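*Asks:* Quick one: the structure is below, questions incoming.
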Amino acid sequence: MADNKTIRLGLVDAINQMMRLSDVCDDPDHKFEINLKVRALFKILDRVIVTTLQTTDADFEQALLALDALTQQANSATASLTMVAETITKAADAIGKIEKLVAGVVGILAI
Amino acid sequence: MIRFWLCMAATMLMLGCTSVPSNQIGAFSQSSLAISEQVDAVFDEFNNASLERQFTDVAANYKGDFAERFNQQLLAQINAPISDEQKRQLAIYRANQSLSQYATALSELSNAAVSQDIDAASIKLYGTFTSFNTQYQLLNGNDKTLFDNESMATIQAAISAIGNEIIEQKKRRALKTIIMAASANIDNICDVIIEQLAHAGVADGIAASRKYVLLKQIEEYRLLSKKGSSKLKARTKEVKRLWQLQQALVNTHLLVTVSIDGVKEIQSAHKVLATELAQDIYASVAISNAIGRLQQINKHFKALETSLLESSSE
């Protein structure tokens, strides 16, 4: 069953893969953009750790799928750098979906 | 004058007797308090690791052509994930606070030398039971309590009935009443802290932040080493520092594991204490062993904490 841990591990995987991509990316602007996305993913990770998410929410499933898609895309882009721009767009999509999920939880810090 | 010295001698004799139960129960309380502080330290480390990551992120990315984008707004975005106010609202933090308040009050009771101090410490301990109830309700999200009104009244009545007995006897009875009454509930509150520590993912958060910092510093080391102008001695020093960061990263989950083990030992030692006190045994090999294990785990954590601080201080 999906829970906070699932999304937490999804975030960690996505962050690690995006950092690998940043490491091999040779375009400074793209590299900078990737690093901004890594920062945003980390901010969400910090928040997920101290928040209890509603895992039955449909948005939760969407966020998980978006994270998984991002990790796979970043993995492919590491081998083929022409896919970097597309990966950055996918990262923005995943970040938006998880932010929506986390933003819905106001003041509940129940760990 | 002779009467005065006789009274003094009698008082000193009675005070001297108090140290038998005080030593072991006091040691239990002190060790429990130290472990409870370790649990807090895990959350502090979560904040510190996150802040370190954010500083490194800004410093690593706003350089060269991007240096001009560095501004005050960026600095304003840097913050600790758990503010002091939020920390006070965390259920695990509050449960842990209850546990440390209990340990502190127990320590005060075991060290109390006069009747009034025993009364004050007993009342304080009774107050921690109310705190347990509040935190337990918060953790479970319902109205269920650890101590029902009837058992609270029984404990209060038992403490009141202790009255003005000889200090040592009074202290023993107060300790026995409170520790036995709290036993099952200390067990429950420890279970909740263990469960939350194991599943909140704080260790994952700390590890992810530490890994980020380490990778960025390795990146920087590669750049500096490529220049060829750096001295071997300086590079060796830097490699040693990076190795320490690597060690801290590897030990991250250990930090949480040791804290969980510590809370488990409080649970176990408190059970031993309650069992022994039920038989009116206030000092025994079983209690010594339980306290020894608590102190050992506390030492382990302190050593771990020291090595972590050393590696992240430069």
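To be explicit about the labels: the chains of the structure tokens are called A, B, and onward in the order shown, and within each one the residues are counted from 1, while ligands get numbers from 1 in the order they are shown.
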Output the contact residues of chain A with respect to chain B at a cut-off of 12 Å, based on only C-alpha atoms, as an MDAnalysis selection string.
*Replies:* chainID A and resid 3:20 22:24 28:53 106:111
*Asks:* I'd like to know which residues of chain A are alpha helix (DSSP H) (by DSSP, run on the backbone); could you write them as a ChimeraX atom specification?
*Replies:* /A:4-24,28-49,58-79,84-103
*Asks:* Identify, on the basis of only C-alpha atoms, every residue whose closest approach to Tyr221 in chain B does not exceed 12 Å; exclude the query and any residue fewer than 6 positions from it along the same chain; express the result as an mmCIF file with N, CA and C atoms, in the first residue's frame.
*Replies:*
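Okay, part08.cif is ready:
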data_model
loop_
_atom_site.group_PDB
_atom_site.id
_atom_site.type_symbol
_atom_site.label_atom_id
_atom_site.label_comp_id
_atom_site.auth_asym_id
_atom_site.auth_seq_id
_atom_site.Cartn_x
_atom_site.Cartn_y
_atom_site.Cartn_z
ATOM 1 N N LEU B 214 28.045 16.166 0.145
ATOM 2 C CA LEU B 214 29.268 15.413 -0.168
ATOM 3 C C LEU B 214 29.554 15.435 -1.673
ATOM 4 N N LEU B 215 28.536 15.173 -2.493
ATOM 5 C CA LEU B 215 28.750 15.141 -3.944
ATOM 6 C C LEU B 215 29.198 16.493 -4.479
ATOM 7 N N LYS B 227 43.644 21.656 -11.408
ATOM 8 C CA LYS B 227 44.518 22.813 -11.631
ATOM 9 C C LYS B 227 45.986 22.457 -11.436
ATOM 10 N N GLY B 228 46.239 21.462 -10.609
ATOM 11 C CA GLY B 228 47.619 20.990 -10.444
ATOM 12 C C GLY B 228 48.482 21.868 -9.567
ATOM 13 N N SER B 230 47.707 22.788 -6.468
ATOM 14 C CA SER B 230 47.547 22.507 -5.042
ATOM 15 C C SER B 230 48.620 21.530 -4.550
ATOM 16 N N ALA B 234 47.828 19.562 1.242
ATOM 17 C CA ALA B 234 46.506 20.201 1.297
ATOM 18 C C ALA B 234 45.442 19.275 0.721
ATOM 19 N N ARG B 235 45.792 18.574 -0.354
ATOM 20 C CA ARG B 235 44.820 17.648 -0.972
ATOM 21 C C ARG B 235 44.515 16.487 -0.016
ATOM 22 N N THR B 236 45.576 15.999 0.650
ATOM 23 C CA THR B 236 45.377 14.890 1.604
ATOM 24 C C THR B 236 44.433 15.325 2.726
ATOM 25 N N LYS B 237 44.642 16.549 3.206
ATOM 26 C CA LYS B 237 43.791 17.080 4.278
ATOM 27 C C LYS B 237 42.334 17.146 3.803
ATOM 28 N N GLU B 238 42.168 17.570 2.562
ATOM 29 C CA GLU B 238 40.825 17.692 2.003
ATOM 30 C C GLU B 238 40.170 16.312 1.817
ATOM 31 N N VAL B 239 40.983 15.350 1.343
ATOM 32 C CA VAL B 239 40.455 13.984 1.163
ATOM 33 C C VAL B 239 40.007 13.427 2.515
ATOM 34 N N LYS B 240 40.808 13.702 3.550
ATOM 35 C CA LYS B 240 40.449 13.221 4.894
ATOM 36 C C LYS B 240 39.120 13.825 5.341
ATOM 37 N N ARG B 241 38.943 15.110 5.049
ATOM 38 C CA ARG B 241 37.691 15.783 5.429
ATOM 39 C C ARG B 241 36.503 15.174 4.662
ATOM 40 N N LEU B 242 36.716 14.910 3.371
ATOM 41 C CA LEU B 242 35.637 14.313 2.561
ATOM 42 C C LEU B 242 35.312 12.903 3.057
#
*Asks:* Any idea what's packed within 10 Å of Ser76 in chain A, counting only C-alpha atoms, ignoring anything in its chain fewer than 6 positions away? Could you give it as a list in words?
*Replies:* Gln17, Leu21, Leu70, Thr82, Met83, Val84 and Thr87 of chain A
*Asks:* Generate the output file for the selected residues, C-alpha atoms, as a short mmCIF file (atom, residue, chain, number, x, y, z; two decimals), in the first residue's frame.
*Replies:*
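Now in out_26.cif:
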data_model
loop_
_atom_site.label_atom_id
_atom_site.label_comp_id
_atom_site.auth_asym_id
_atom_site.auth_seq_id
_atom_site.Cartn_x
_atom_site.Cartn_y
_atom_site.Cartn_z
CA GLN A 17 18.76 10.57 -10.84
CA LEU A 21 21.99 14.05 -14.97
CA LEU A 70 10.59 11.81 -13.93
CA THR A 82 19.16 15.55 -26.18
CA MET A 83 16.39 14.58 -23.77
CA VAL A 84 17.46 17.07 -21.08
CA THR A 87 13.30 16.06 -18.52
#
